[in-house]
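The structure file data05.cif is reproduced below (mmCIF, N, CA and C atoms).
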data_final
#
loop_
_atom_site.group_PDB
_atom_site.id
_atom_site.type_symbol
_atom_site.label_atom_id
_atom_site.label_comp_id
_atom_site.auth_asym_id
_atom_site.auth_seq_id
_atom_site.Cartn_x
_atom_site.Cartn_y
_atom_site.Cartn_z
ATOM 1 N N MET A 1 -82.108 88.795 2.337
ATOM 2 C CA MET A 1 -80.749 89.301 2.413
ATOM 3 C C MET A 1 -80.776 90.657 3.118
ATOM 4 N N LYS A 2 -79.932 90.816 4.077
ATOM 5 C CA LYS A 2 -79.841 92.067 4.835
ATOM 6 C C LYS A 2 -78.636 92.875 4.362
ATOM 7 N N PHE A 3 -78.814 94.201 4.363
ATOM 8 C CA PHE A 3 -77.733 95.102 3.974
ATOM 9 C C PHE A 3 -77.397 96.005 5.144
ATOM 10 N N LYS A 4 -76.119 96.282 5.304
ATOM 11 C CA LYS A 4 -75.650 97.080 6.427
ATOM 12 C C LYS A 4 -75.939 98.561 6.241
ATOM 13 N N SER A 5 -76.087 98.995 4.979
ATOM 14 C CA SER A 5 -76.318 100.411 4.713
ATOM 15 C C SER A 5 -77.043 100.584 3.384
ATOM 16 N N THR A 6 -77.575 101.772 3.186
ATOM 17 C CA THR A 6 -78.219 102.067 1.900
ATOM 18 C C THR A 6 -77.172 102.111 0.790
ATOM 19 N N GLU A 7 -75.947 102.470 1.139
ATOM 20 C CA GLU A 7 -74.875 102.488 0.135
ATOM 21 C C GLU A 7 -74.602 101.081 -0.388
ATOM 22 N N GLU A 8 -74.602 100.108 0.514
ATOM 23 C CA GLU A 8 -74.385 98.722 0.126
ATOM 24 C C GLU A 8 -75.533 98.232 -0.766
ATOM 25 N N LEU A 9 -76.751 98.607 -0.429
ATOM 26 C CA LEU A 9 -77.910 98.247 -1.245
ATOM 27 C C LEU A 9 -77.826 98.911 -2.618
ATOM 28 N N PHE A 10 -77.431 100.183 -2.638
ATOM 29 C CA PHE A 10 -77.265 100.916 -3.899
ATOM 30 C C PHE A 10 -76.272 100.194 -4.809
ATOM 31 N N VAL A 11 -75.147 99.799 -4.255
ATOM 32 C CA VAL A 11 -74.122 99.089 -5.035
ATOM 33 C C VAL A 11 -74.675 97.784 -5.586
ATOM 34 N N ARG A 12 -75.443 97.085 -4.780
ATOM 35 C CA ARG A 12 -76.009 95.803 -5.215
ATOM 36 C C ARG A 12 -77.018 95.989 -6.357
ATOM 37 N N LEU A 13 -77.748 97.115 -6.332
ATOM 38 C CA LEU A 13 -78.756 97.394 -7.355
ATOM 39 C C LEU A 13 -78.218 98.211 -8.532
ATOM 40 N N LYS A 14 -76.961 98.583 -8.470
ATOM 41 C CA LYS A 14 -76.382 99.445 -9.506
ATOM 42 C C LYS A 14 -76.520 98.879 -10.923
ATOM 43 N N PRO A 15 -76.349 97.579 -11.157
ATOM 44 C CA PRO A 15 -76.538 97.087 -12.535
ATOM 45 C C PRO A 15 -77.938 97.382 -13.089
ATOM 46 N N ALA A 16 -78.964 97.255 -12.275
ATOM 47 C CA ALA A 16 -80.323 97.575 -12.722
ATOM 48 C C ALA A 16 -80.468 99.075 -12.950
ATOM 49 N N LEU A 17 -79.865 99.879 -12.089
ATOM 50 C CA LEU A 17 -79.913 101.331 -12.261
ATOM 51 C C LEU A 17 -79.221 101.771 -13.549
ATOM 52 N N VAL A 18 -78.081 101.176 -13.830
ATOM 53 C CA VAL A 18 -77.340 101.505 -15.056
ATOM 54 C C VAL A 18 -78.143 101.084 -16.284
ATOM 55 N N ALA A 19 -78.755 99.911 -16.237
ATOM 56 C CA ALA A 19 -79.575 99.437 -17.360
ATOM 57 C C ALA A 19 -80.747 100.388 -17.599
ATOM 58 N N LYS A 20 -81.376 100.852 -16.523
ATOM 59 C CA LYS A 20 -82.496 101.787 -16.665
ATOM 60 C C LYS A 20 -82.020 103.114 -17.219
ATOM 61 N N GLN A 21 -80.879 103.587 -16.748
ATOM 62 C CA GLN A 21 -80.338 104.850 -17.261
ATOM 63 C C GLN A 21 -80.046 104.741 -18.757
ATOM 64 N N GLU A 22 -79.498 103.638 -19.188
ATOM 65 C CA GLU A 22 -79.219 103.443 -20.616
ATOM 66 C C GLU A 22 -80.509 103.438 -21.427
ATOM 67 N N GLU A 23 -81.543 102.795 -20.913
ATOM 68 C CA GLU A 23 -82.846 102.786 -21.583
ATOM 69 C C GLU A 23 -83.401 104.212 -21.695
ATOM 70 N N ILE A 24 -83.300 104.951 -20.595
ATOM 71 C CA ILE A 24 -83.795 106.330 -20.574
ATOM 72 C C ILE A 24 -83.012 107.196 -21.555
ATOM 73 N N ARG A 25 -81.717 107.022 -21.622
ATOM 74 C CA ARG A 25 -80.894 107.803 -22.559
ATOM 75 C C ARG A 25 -81.263 107.521 -24.000
ATOM 76 N N ARG A 26 -81.618 106.278 -24.315
ATOM 77 C CA ARG A 26 -82.051 105.955 -25.681
ATOM 78 C C ARG A 26 -83.327 106.710 -26.048
ATOM 79 N N LYS A 27 -84.077 107.124 -25.043
ATOM 80 C CA LYS A 27 -85.310 107.882 -25.277
ATOM 81 C C LYS A 27 -85.073 109.391 -25.244
ATOM 82 N N GLY A 28 -83.820 109.804 -25.083
ATOM 83 C CA GLY A 28 -83.468 111.220 -25.159
ATOM 84 C C GLY A 28 -83.346 111.956 -23.844
ATOM 85 N N TYR A 29 -83.457 111.261 -22.727
ATOM 86 C CA TYR A 29 -83.314 111.894 -21.413
ATOM 87 C C TYR A 29 -81.861 111.743 -20.953
ATOM 88 N N PHE A 30 -80.982 112.555 -21.520
ATOM 89 C CA PHE A 30 -79.548 112.409 -21.255
ATOM 90 C C PHE A 30 -79.121 112.948 -19.890
ATOM 91 N N TYR A 31 -79.941 113.741 -19.266
ATOM 92 C CA TYR A 31 -79.566 114.417 -18.024
ATOM 93 C C TYR A 31 -79.987 113.638 -16.775
ATOM 94 N N ILE A 32 -80.727 112.541 -16.916
ATOM 95 C CA ILE A 32 -81.145 111.754 -15.752
ATOM 96 C C ILE A 32 -80.024 110.791 -15.369
ATOM 97 N N LYS A 33 -79.571 110.923 -14.111
ATOM 98 C CA LYS A 33 -78.477 110.094 -13.609
ATOM 99 C C LYS A 33 -79.032 108.917 -12.810
ATOM 100 N N ILE A 34 -78.174 107.939 -12.562
ATOM 101 C CA ILE A 34 -78.640 106.782 -11.785
ATOM 102 C C ILE A 34 -79.068 107.215 -10.380
ATOM 103 N N GLU A 35 -78.438 108.233 -9.848
ATOM 104 C CA GLU A 35 -78.815 108.742 -8.531
ATOM 105 C C GLU A 35 -80.227 109.316 -8.553
ATOM 106 N N ASP A 36 -80.615 109.924 -9.677
ATOM 107 C CA ASP A 36 -81.973 110.466 -9.810
ATOM 108 C C ASP A 36 -83.007 109.343 -9.775
ATOM 109 N N ILE A 37 -82.709 108.245 -10.444
ATOM 110 C CA ILE A 37 -83.605 107.088 -10.446
ATOM 111 C C ILE A 37 -83.714 106.546 -9.025
ATOM 112 N N TRP A 38 -82.582 106.392 -8.373
ATOM 113 C CA TRP A 38 -82.529 105.883 -7.002
ATOM 114 C C TRP A 38 -83.351 106.770 -6.058
ATOM 115 N N HIS A 39 -83.140 108.077 -6.117
ATOM 116 C CA HIS A 39 -83.837 108.995 -5.218
ATOM 117 C C HIS A 39 -85.343 109.004 -5.485
ATOM 118 N N TYR A 40 -85.724 108.942 -6.746
ATOM 119 C CA TYR A 40 -87.154 108.896 -7.080
ATOM 120 C C TYR A 40 -87.808 107.676 -6.430
ATOM 121 N N LEU A 41 -87.220 106.507 -6.618
ATOM 122 C CA LEU A 41 -87.807 105.285 -6.065
ATOM 123 C C LEU A 41 -87.771 105.279 -4.536
ATOM 124 N N ALA A 42 -86.672 105.736 -3.963
ATOM 125 C CA ALA A 42 -86.545 105.766 -2.506
ATOM 126 C C ALA A 42 -87.601 106.673 -1.882
ATOM 127 N N GLU A 43 -87.887 107.796 -2.519
ATOM 128 C CA GLU A 43 -88.835 108.761 -1.972
ATOM 129 C C GLU A 43 -90.284 108.458 -2.343
ATOM 130 N N GLU A 44 -90.518 107.949 -3.528
ATOM 131 C CA GLU A 44 -91.883 107.773 -4.010
ATOM 132 C C GLU A 44 -92.420 106.345 -3.885
ATOM 133 N N LYS A 45 -91.595 105.368 -4.052
ATOM 134 C CA LYS A 45 -92.085 103.981 -4.125
ATOM 135 C C LYS A 45 -91.719 103.161 -2.886
ATOM 136 N N TRP A 46 -90.514 103.331 -2.381
ATOM 137 C CA TRP A 46 -90.019 102.465 -1.323
ATOM 138 C C TRP A 46 -90.120 103.062 0.074
ATOM 139 N N LYS A 47 -90.426 104.322 0.177
ATOM 140 C CA LYS A 47 -90.387 104.999 1.481
ATOM 141 C C LYS A 47 -91.244 104.298 2.537
ATOM 142 N N LYS A 48 -92.438 103.854 2.162
ATOM 143 C CA LYS A 48 -93.339 103.231 3.132
ATOM 144 C C LYS A 48 -93.395 101.715 2.977
ATOM 145 N N ALA A 49 -92.609 101.174 2.076
ATOM 146 C CA ALA A 49 -92.628 99.725 1.828
ATOM 147 C C ALA A 49 -91.895 98.979 2.943
ATOM 148 N N ILE A 50 -92.399 97.809 3.229
ATOM 149 C CA ILE A 50 -91.796 96.963 4.266
ATOM 150 C C ILE A 50 -91.490 95.597 3.655
ATOM 151 N N GLY A 51 -90.293 95.094 3.920
ATOM 152 C CA GLY A 51 -89.936 93.748 3.502
ATOM 153 C C GLY A 51 -89.726 93.569 2.011
ATOM 154 N N LEU A 52 -89.292 94.609 1.330
ATOM 155 C CA LEU A 52 -89.010 94.487 -0.096
ATOM 156 C C LEU A 52 -87.849 93.525 -0.336
ATOM 157 N N THR A 53 -87.970 92.734 -1.370
ATOM 158 C CA THR A 53 -86.859 91.862 -1.748
ATOM 159 C C THR A 53 -86.002 92.573 -2.782
ATOM 160 N N LEU A 54 -84.810 92.071 -2.962
ATOM 161 C CA LEU A 54 -83.909 92.612 -3.971
ATOM 162 C C LEU A 54 -84.539 92.499 -5.362
ATOM 163 N N ASP A 55 -85.189 91.400 -5.630
ATOM 164 C CA ASP A 55 -85.862 91.212 -6.920
ATOM 165 C C ASP A 55 -86.959 92.245 -7.141
ATOM 166 N N GLU A 56 -87.747 92.523 -6.112
ATOM 167 C CA GLU A 56 -88.811 93.522 -6.234
ATOM 168 C C GLU A 56 -88.239 94.903 -6.506
ATOM 169 N N MET A 57 -87.148 95.234 -5.826
ATOM 170 C CA MET A 57 -86.531 96.544 -6.028
ATOM 171 C C MET A 57 -85.941 96.656 -7.432
ATOM 172 N N ALA A 58 -85.280 95.608 -7.895
ATOM 173 C CA ALA A 58 -84.725 95.623 -9.253
ATOM 174 C C ALA A 58 -85.848 95.760 -10.276
ATOM 175 N N ASN A 59 -86.952 95.069 -10.053
ATOM 176 C CA ASN A 59 -88.101 95.181 -10.950
ATOM 177 C C ASN A 59 -88.665 96.603 -10.946
ATOM 178 N N ASP A 60 -88.762 97.217 -9.770
ATOM 179 C CA ASP A 60 -89.230 98.602 -9.680
ATOM 180 C C ASP A 60 -88.330 99.534 -10.479
ATOM 181 N N ILE A 61 -87.035 99.308 -10.405
ATOM 182 C CA ILE A 61 -86.089 100.136 -11.156
ATOM 183 C C ILE A 61 -86.344 99.995 -12.647
ATOM 184 N N LEU A 62 -86.438 98.765 -13.107
ATOM 185 C CA LEU A 62 -86.593 98.526 -14.542
ATOM 186 C C LEU A 62 -87.949 98.969 -15.073
ATOM 187 N N MET A 63 -88.962 99.015 -14.222
ATOM 188 C CA MET A 63 -90.307 99.402 -14.650
ATOM 189 C C MET A 63 -90.607 100.887 -14.421
ATOM 190 N N ALA A 64 -89.696 101.614 -13.795
ATOM 191 C CA ALA A 64 -89.922 103.033 -13.505
ATOM 192 C C ALA A 64 -90.109 103.814 -14.808
ATOM 193 N N GLU A 65 -91.049 104.747 -14.773
ATOM 194 C CA GLU A 65 -91.353 105.573 -15.943
ATOM 195 C C GLU A 65 -90.465 106.817 -15.934
ATOM 196 N N GLU A 66 -89.840 107.085 -17.064
ATOM 197 C CA GLU A 66 -88.940 108.239 -17.137
ATOM 198 C C GLU A 66 -89.662 109.557 -16.886
ATOM 199 N N ASP A 67 -90.935 109.659 -17.278
ATOM 200 C CA ASP A 67 -91.687 110.884 -17.020
ATOM 201 C C ASP A 67 -91.841 111.133 -15.519
ATOM 202 N N GLU A 68 -92.086 110.075 -14.768
ATOM 203 C CA GLU A 68 -92.225 110.196 -13.320
ATOM 204 C C GLU A 68 -90.890 110.570 -12.675
ATOM 205 N N ILE A 69 -89.827 109.962 -13.153
ATOM 206 C CA ILE A 69 -88.490 110.304 -12.626
ATOM 207 C C ILE A 69 -88.200 111.763 -12.910
ATOM 208 N N TYR A 70 -88.489 112.208 -14.137
ATOM 209 C CA TYR A 70 -88.240 113.601 -14.530
ATOM 210 C C TYR A 70 -89.016 114.572 -13.646
ATOM 211 N N LYS A 71 -90.285 114.260 -13.367
ATOM 212 C CA LYS A 71 -91.111 115.153 -12.549
ATOM 213 C C LYS A 71 -90.556 115.305 -11.143
ATOM 214 N N ASN A 72 -89.806 114.330 -10.687
ATOM 215 C CA ASN A 72 -89.271 114.365 -9.329
ATOM 216 C C ASN A 72 -87.830 114.842 -9.242
ATOM 217 N N LEU A 73 -87.258 115.275 -10.360
ATOM 218 C CA LEU A 73 -85.888 115.781 -10.337
ATOM 219 C C LEU A 73 -85.829 117.070 -9.529
ATOM 220 N N LYS A 74 -84.755 117.230 -8.797
ATOM 221 C CA LYS A 74 -84.534 118.450 -8.023
ATOM 222 C C LYS A 74 -83.375 119.211 -8.677
ATOM 223 N N PHE A 75 -83.724 120.300 -9.315
ATOM 224 C CA PHE A 75 -82.700 121.095 -10.023
ATOM 225 C C PHE A 75 -82.080 122.112 -9.116
#

Could you show the structure in this file as structure tokens?
Amino acid sequence: MKFKSTEELFVRLKPALVAKQEEIRRKGYFYIKIEDIWHYLAEEKWKKAIGLTLDEMANDILMAEEDEIYKNLKF
């Protein structure tokens, strides 16, 4: 599946991002936003990846570690 923009891809992956944010909030990280999760993965995991599928990206979102996301937050 091809996407015309990163915004379109973000919207398509938003349910996984929201689910991850809810999981993170249950662990006490109330300040991490879905955009933080997105930026962490885009910069750290997907930047050099080629041919990722939507399923792989959703899995990366759900498996992302909150400690790693926190370390990459830009305050």

For A:Glu35, please output as a ChimeraX atom specification all residues within 8 Å (counting all atoms listed in the file; exclusion window: fewer than 5 positions along the same chain).
-> /A:17,40-41

Emit the selected residues as a PDB file, in the frame of the given file, including N, CA and C atoms.
ATOM      1  N   LEU A  17     -79.865  99.879 -12.089  1.00  0.00           N
ATOM      2  CA  LEU A  17     -79.913 101.331 -12.261  1.00  0.00           C
ATOM      3  C   LEU A  17     -79.221 101.771 -13.549  1.00  0.00           C
ATOM      4  N   TYR A  40     -85.724 108.942  -6.746  1.00  0.00           N
ATOM      5  CA  TYR A  40     -87.154 108.896  -7.080  1.00  0.00           C
ATOM      6  C   TYR A  40     -87.808 107.676  -6.430  1.00  0.00           C
ATOM      7  N   LEU A  41     -87.220 106.507  -6.618  1.00  0.00           N
ATOM      8  CA  LEU A  41     -87.807 105.285  -6.065  1.00  0.00           C
ATOM      9  C   LEU A  41     -87.771 105.279  -4.536  1.00  0.00           C
TER      10      LEU A  41
END

Among the residues of chain A, find those DSSP assigns to alpha helix (DSSP H) from the backbone and print them as a PyMOL selection string.
-> chain A and resi 6-26+34-44+54-63+66-71

Please, what distance in Å, to one decimal, runs between atom CA of A:Tyr29 and atom CA of A:Ala58?
->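 Spanning atom CA of A:Tyr29 to atom CA of A:Ala58 is a straight-line distance of 20.4 Å.
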
Between atom CA of A:Arg25 and atom CA of A:Lys47 lies a distance of 26.0 Å

Expressed in Å, the length from atom N of A:Val11 to atom N of A:Phe30 is 22.2 Å

Would you compute the box with edges along x, y and z of the file around stretch 19-25 of chain A, including every atom the file lists for it and 5 Å extra on each side, and give its centre and edge lengths in Å to one decimal, as lines of an AutoDock Vina configuration file?
center_x = -81.3
center_y = 103.6
center_z = -20.1
size_x = 15.0
size_y = 18.4
size_z = 17.8

Hits of the PyMOL selection byres ((chain A and resi 1) around 7) in this structure, as a list in words = Lys2, Phe3, Thr53 and Leu54 of chain A

Counting only C-alpha atoms, write as a compact mmCIF listing (two decimals) with N, CA and C atoms, in the coordinates of the input all protein and nucleic acid residues lying at most 12 Å from (-79.8, 99.4, -4.8) in the file's frame.
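The resulting part00.txt:
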# COMPACT_ATOMS: atom_id res chain seq x y z
N PHE A 3 -78.81 94.20 4.36
CA PHE A 3 -77.73 95.10 3.97
C PHE A 3 -77.40 96.00 5.14
N SER A 5 -76.09 99.00 4.98
CA SER A 5 -76.32 100.41 4.71
C SER A 5 -77.04 100.58 3.38
N THR A 6 -77.58 101.77 3.19
CA THR A 6 -78.22 102.07 1.90
C THR A 6 -77.17 102.11 0.79
N GLU A 7 -75.95 102.47 1.14
CA GLU A 7 -74.88 102.49 0.14
C GLU A 7 -74.60 101.08 -0.39
N GLU A 8 -74.60 100.11 0.51
CA GLU A 8 -74.39 98.72 0.13
C GLU A 8 -75.53 98.23 -0.77
N LEU A 9 -76.75 98.61 -0.43
CA LEU A 9 -77.91 98.25 -1.25
C LEU A 9 -77.83 98.91 -2.62
N PHE A 10 -77.43 100.18 -2.64
CA PHE A 10 -77.26 100.92 -3.90
C PHE A 10 -76.27 100.19 -4.81
N VAL A 11 -75.15 99.80 -4.26
CA VAL A 11 -74.12 99.09 -5.04
C VAL A 11 -74.68 97.78 -5.59
N ARG A 12 -75.44 97.08 -4.78
CA ARG A 12 -76.01 95.80 -5.22
C ARG A 12 -77.02 95.99 -6.36
N LEU A 13 -77.75 97.12 -6.33
CA LEU A 13 -78.76 97.39 -7.36
C LEU A 13 -78.22 98.21 -8.53
N LYS A 14 -76.96 98.58 -8.47
CA LYS A 14 -76.38 99.44 -9.51
C LYS A 14 -76.52 98.88 -10.92
N PRO A 15 -76.35 97.58 -11.16
CA PRO A 15 -76.54 97.09 -12.54
C PRO A 15 -77.94 97.38 -13.09
N ALA A 16 -78.96 97.26 -12.28
CA ALA A 16 -80.32 97.58 -12.72
C ALA A 16 -80.47 99.08 -12.95
N LEU A 17 -79.86 99.88 -12.09
CA LEU A 17 -79.91 101.33 -12.26
C LEU A 17 -79.22 101.77 -13.55
N VAL A 18 -78.08 101.18 -13.83
CA VAL A 18 -77.34 101.50 -15.06
C VAL A 18 -78.14 101.08 -16.28
N ILE A 34 -78.17 107.94 -12.56
CA ILE A 34 -78.64 106.78 -11.78
C ILE A 34 -79.07 107.22 -10.38
N GLU A 35 -78.44 108.23 -9.85
CA GLU A 35 -78.82 108.74 -8.53
C GLU A 35 -80.23 109.32 -8.55
N ILE A 37 -82.71 108.24 -10.44
CA ILE A 37 -83.60 107.09 -10.45
C ILE A 37 -83.71 106.55 -9.02
N TRP A 38 -82.58 106.39 -8.37
CA TRP A 38 -82.53 105.88 -7.00
C TRP A 38 -83.35 106.77 -6.06
N HIS A 39 -83.14 108.08 -6.12
CA HIS A 39 -83.84 109.00 -5.22
C HIS A 39 -85.34 109.00 -5.48
N LEU A 41 -87.22 106.51 -6.62
CA LEU A 41 -87.81 105.28 -6.06
C LEU A 41 -87.77 105.28 -4.54
N ALA A 42 -86.67 105.74 -3.96
CA ALA A 42 -86.54 105.77 -2.51
C ALA A 42 -87.60 106.67 -1.88
N TRP A 46 -90.51 103.33 -2.38
CA TRP A 46 -90.02 102.46 -1.32
C TRP A 46 -90.12 103.06 0.07
N LEU A 52 -89.29 94.61 1.33
CA LEU A 52 -89.01 94.49 -0.10
C LEU A 52 -87.85 93.52 -0.34
N THR A 53 -87.97 92.73 -1.37
CA THR A 53 -86.86 91.86 -1.75
C THR A 53 -86.00 92.57 -2.78
N LEU A 54 -84.81 92.07 -2.96
CA LEU A 54 -83.91 92.61 -3.97
C LEU A 54 -84.54 92.50 -5.36
N ASP A 55 -85.19 91.40 -5.63
CA ASP A 55 -85.86 91.21 -6.92
C ASP A 55 -86.96 92.24 -7.14
N GLU A 56 -87.75 92.52 -6.11
CA GLU A 56 -88.81 93.52 -6.23
C GLU A 56 -88.24 94.90 -6.51
N MET A 57 -87.15 95.23 -5.83
CA MET A 57 -86.53 96.54 -6.03
C MET A 57 -85.94 96.66 -7.43
N ALA A 58 -85.28 95.61 -7.90
CA ALA A 58 -84.72 95.62 -9.25
C ALA A 58 -85.85 95.76 -10.28
N ASN A 59 -86.95 95.07 -10.05
CA ASN A 59 -88.10 95.18 -10.95
C ASN A 59 -88.66 96.60 -10.95
N ASP A 60 -88.76 97.22 -9.77
CA ASP A 60 -89.23 98.60 -9.68
C ASP A 60 -88.33 99.53 -10.48
N ILE A 61 -87.04 99.31 -10.40
CA ILE A 61 -86.09 100.14 -11.16
C ILE A 61 -86.34 100.00 -12.65
N LEU A 62 -86.44 98.76 -13.11
CA LEU A 62 -86.59 98.53 -14.54
C LEU A 62 -87.95 98.97 -15.07
